[in-house]
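The structure appears below as structure tokens.
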Amino acid sequence: MAVPIAFYLILAAILFSIGIAAFLIKRNIITIFMSIELMLNAVNLTFVAFSHMWHQVSGQIFVFFVMVVAAAEAAVGLAIIISLFRVRQTLDVDQINLLKD
Amino acid sequence: MQIALFIIFGLLAVAGALNLLFQRHPINSALSLVVVMMSLAVLYWSLGAEFLAAAQVIVYAGAIMVLFVFVVMLLNAGEEDRTHGSKIAYIAGIPGAAATFCLLSFVFLSERKQLGSTEIGGYLTNAVSNITEISHTLFTSLLLPFEVTSILILVAILGAVVLARKEL
């Protein structure tokens, strides 16, 4: 039995909303970074669903580039987190408030 | 069969994402994110994107999440504790996420007829296979973006090495 494309898009919307909620609620900087990856994955699912809908391969190539950028972003972001931890000795985003004081 | 795959792995992905939200320890969140990525790989495969399903498992679940788990263990990250800031985030975050979800699903459901439905087989119009089509497009019309990607990765490697050095 065939699945409507709208169901895939709604699944992606659910994952994206959970990613937004986790991004806002979580206090650990690594978990916040993980929720960004979750949102990227949700967007990838919509790209693949639309690629299936239009019978075109361009959407899948978009996903390929998003994956590359996500890998580069994870490498640089985790390096920033490591150097931040060396300076502040914490991973809590509430205590990283150098610009505020 | 497709609806069974969709229901099983869609529910698994949502359960993993909710587990990421509710777990307090970063390792538990990272492992539930691996579950989400694996089930998304199966969903990609059911949508006819075999190459992306493999790349999802290798790149996301294999490389990126290993990097995350590695950093969590390197920094010895413990459970996060509730603070005042997170209460404000609860008040603002959950309605915001719910509003986004309602808006998106309203749009998708109202356009449901135009979006159509999936079918097994015949994913691409004139393709021999998914990987052939992707590589043909990637290495002919999109050759320049593909090469620029390699420069991006080189810059990312250099940036990671410079940022994670001992003396900054």
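Labeling convention for the structure tokens: chains A, B, ... as they appear, residues from 1 per chain, ligands from 1 in order of appearance.
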| Please, which residues of chain A lie no more than 7 Å from chain B when the count uses only C-alpha atoms, and can they be set out as a PyMOL selection string? | chain A and resi 1-6+9-11+13-15+17-18+20-22+24-25+27-28+31+48-49+52+55-57+61+71-72+74-76+79-80+82-83+94
Dump of N, CA and C atoms for the selected residues, as an mmCIF file, in the first residue's frame:
```cif
data_model
loop_
_atom_site.group_PDB
_atom_site.id
_atom_site.type_symbol
_atom_site.label_atom_id
_atom_site.label_comp_id
_atom_site.auth_asym_id
_atom_site.auth_seq_id
_atom_site.Cartn_x
_atom_site.Cartn_y
_atom_site.Cartn_z
ATOM 1 N N MET A 1 0.842 -1.192 0.000
ATOM 2 C CA MET A 1 0.000 0.000 0.000
ATOM 3 C C MET A 1 0.880 1.246 0.000
ATOM 4 N N ALA A 2 0.517 2.202 -0.813
ATOM 5 C CA ALA A 2 1.369 3.384 -0.963
ATOM 6 C C ALA A 2 1.144 4.359 0.192
ATOM 7 N N VAL A 3 2.210 5.063 0.532
ATOM 8 C CA VAL A 3 2.144 6.061 1.601
ATOM 9 C C VAL A 3 2.063 7.433 0.950
ATOM 10 N N PRO A 4 1.143 8.304 1.380
ATOM 11 C CA PRO A 4 1.154 9.664 0.831
ATOM 12 C C PRO A 4 2.442 10.386 1.199
ATOM 13 N N ILE A 5 2.913 11.227 0.240
ATOM 14 C CA ILE A 5 4.127 12.012 0.489
ATOM 15 C C ILE A 5 3.930 12.914 1.696
ATOM 16 N N ALA A 6 2.660 13.361 1.894
ATOM 17 C CA ALA A 6 2.392 14.270 3.013
ATOM 18 C C ALA A 6 2.750 13.640 4.341
ATOM 19 N N LEU A 9 6.351 14.155 4.918
ATOM 20 C CA LEU A 9 6.630 15.554 5.250
ATOM 21 C C LEU A 9 6.205 15.859 6.681
ATOM 22 N N ILE A 10 5.087 15.240 7.126
ATOM 23 C CA ILE A 10 4.647 15.493 8.502
ATOM 24 C C ILE A 10 5.611 14.851 9.483
ATOM 25 N N LEU A 11 6.139 13.662 9.144
ATOM 26 C CA LEU A 11 7.164 13.051 10.008
ATOM 27 C C LEU A 11 8.379 13.976 10.123
ATOM 28 N N ALA A 13 8.291 17.186 9.793
ATOM 29 C CA ALA A 13 7.887 18.336 10.613
ATOM 30 C C ALA A 13 7.936 17.989 12.090
ATOM 31 N N ILE A 14 7.517 16.753 12.444
ATOM 32 C CA ILE A 14 7.591 16.327 13.849
ATOM 33 C C ILE A 14 9.037 16.344 14.320
ATOM 34 N N LEU A 15 9.931 15.757 13.512
ATOM 35 C CA LEU A 15 11.342 15.702 13.920
ATOM 36 C C LEU A 15 11.924 17.107 14.039
ATOM 37 N N SER A 17 10.271 19.890 14.742
ATOM 38 C CA SER A 17 9.756 20.570 15.932
ATOM 39 C C SER A 17 10.422 20.057 17.195
ATOM 40 N N ILE A 18 10.660 18.729 17.251
ATOM 41 C CA ILE A 18 11.364 18.192 18.416
ATOM 42 C C ILE A 18 12.777 18.777 18.476
ATOM 43 N N ILE A 20 13.655 21.775 17.393
ATOM 44 C CA ILE A 20 13.536 23.156 17.905
ATOM 45 C C ILE A 20 13.383 23.135 19.416
ATOM 46 N N ALA A 21 12.484 22.266 19.918
ATOM 47 C CA ALA A 21 12.238 22.212 21.359
ATOM 48 C C ALA A 21 13.512 21.827 22.098
ATOM 49 N N ALA A 22 14.241 20.826 21.571
ATOM 50 C CA ALA A 22 15.477 20.401 22.243
ATOM 51 C C ALA A 22 16.508 21.515 22.198
ATOM 52 N N LEU A 24 15.950 24.679 22.291
ATOM 53 C CA LEU A 24 15.635 25.742 23.248
ATOM 54 C C LEU A 24 15.696 25.259 24.678
ATOM 55 N N ILE A 25 15.352 23.986 24.939
ATOM 56 C CA ILE A 25 15.230 23.516 26.319
ATOM 57 C C ILE A 25 16.561 23.041 26.873
ATOM 58 N N ARG A 27 20.318 22.463 28.059
ATOM 59 C CA ARG A 27 21.310 23.403 28.588
ATOM 60 C C ARG A 27 22.730 22.965 28.279
ATOM 61 N N ASN A 28 22.903 21.691 27.928
ATOM 62 C CA ASN A 28 24.251 21.213 27.614
ATOM 63 C C ASN A 28 24.587 21.577 26.178
ATOM 64 N N THR A 31 24.460 18.735 23.603
ATOM 65 C CA THR A 31 23.109 18.297 23.248
ATOM 66 C C THR A 31 22.425 19.308 22.334
ATOM 67 N N VAL A 48 14.386 14.385 0.344
ATOM 68 C CA VAL A 48 14.268 13.078 -0.310
ATOM 69 C C VAL A 48 12.819 12.812 -0.717
ATOM 70 N N ALA A 49 11.869 13.226 0.131
ATOM 71 C CA ALA A 49 10.462 13.002 -0.205
ATOM 72 C C ALA A 49 10.066 13.787 -1.450
ATOM 73 N N HIS A 52 11.500 12.192 -4.508
ATOM 74 C CA HIS A 52 10.670 11.049 -4.928
ATOM 75 C C HIS A 52 9.420 11.521 -5.652
ATOM 76 N N HIS A 55 10.260 12.779 -9.206
ATOM 77 C CA HIS A 55 11.046 11.832 -9.998
ATOM 78 C C HIS A 55 12.326 12.474 -10.516
ATOM 79 N N GLN A 56 12.936 13.303 -9.672
ATOM 80 C CA GLN A 56 14.175 13.977 -10.048
ATOM 81 C C GLN A 56 15.241 13.624 -9.035
ATOM 82 N N VAL A 57 16.500 13.706 -9.441
ATOM 83 C CA VAL A 57 17.580 13.331 -8.548
ATOM 84 C C VAL A 57 18.162 14.549 -7.823
ATOM 85 N N ILE A 61 20.750 15.193 -4.409
ATOM 86 C CA ILE A 61 22.067 15.850 -4.451
ATOM 87 C C ILE A 61 22.134 16.968 -3.412
ATOM 88 N N ALA A 71 28.929 17.526 8.178
ATOM 89 C CA ALA A 71 30.150 16.906 8.688
ATOM 90 C C ALA A 71 31.193 17.968 9.007
ATOM 91 N N ALA A 72 31.368 18.946 8.089
ATOM 92 C CA ALA A 72 32.335 20.016 8.331
ATOM 93 C C ALA A 72 31.933 20.824 9.557
ATOM 94 N N ALA A 74 30.134 19.822 12.109
ATOM 95 C CA ALA A 74 30.336 19.057 13.342
ATOM 96 C C ALA A 74 31.799 19.103 13.758
ATOM 97 N N ALA A 75 32.712 18.982 12.791
ATOM 98 C CA ALA A 75 34.135 18.998 13.134
ATOM 99 C C ALA A 75 34.530 20.333 13.748
ATOM 100 N N VAL A 76 34.150 21.443 13.071
ATOM 101 C CA VAL A 76 34.545 22.761 13.577
ATOM 102 C C VAL A 76 33.827 23.076 14.884
ATOM 103 N N ALA A 79 35.301 21.265 17.791
ATOM 104 C CA ALA A 79 36.589 21.867 18.161
ATOM 105 C C ALA A 79 36.373 23.138 18.961
ATOM 106 N N ILE A 80 35.362 23.939 18.571
ATOM 107 C CA ILE A 80 35.049 25.160 19.338
ATOM 108 C C ILE A 80 34.602 24.791 20.746
ATOM 109 N N ILE A 82 35.439 22.166 22.456
ATOM 110 C CA ILE A 82 36.591 21.712 23.241
ATOM 111 C C ILE A 82 37.406 22.905 23.736
ATOM 112 N N SER A 83 37.650 23.895 22.843
ATOM 113 C CA SER A 83 38.452 25.029 23.288
ATOM 114 C C SER A 83 37.686 25.888 24.286
ATOM 115 N N ASP A 94 24.246 28.390 30.196
ATOM 116 C CA ASP A 94 23.891 29.514 31.066
ATOM 117 C C ASP A 94 25.109 30.150 31.700
#
```
| task | Go through chain A and collect every residue that DSSP, computed from the backbone, puts in helix (DSSP H, G or I); the answer should be as a PyMOL selection string. | result | chain A and resi 5-25+29-54+58-88
| said: To one decimal place in Å, what is the distance between CA of Leu84 in chain A and CA of Val69 in chain A? | reply: 22.0 Å
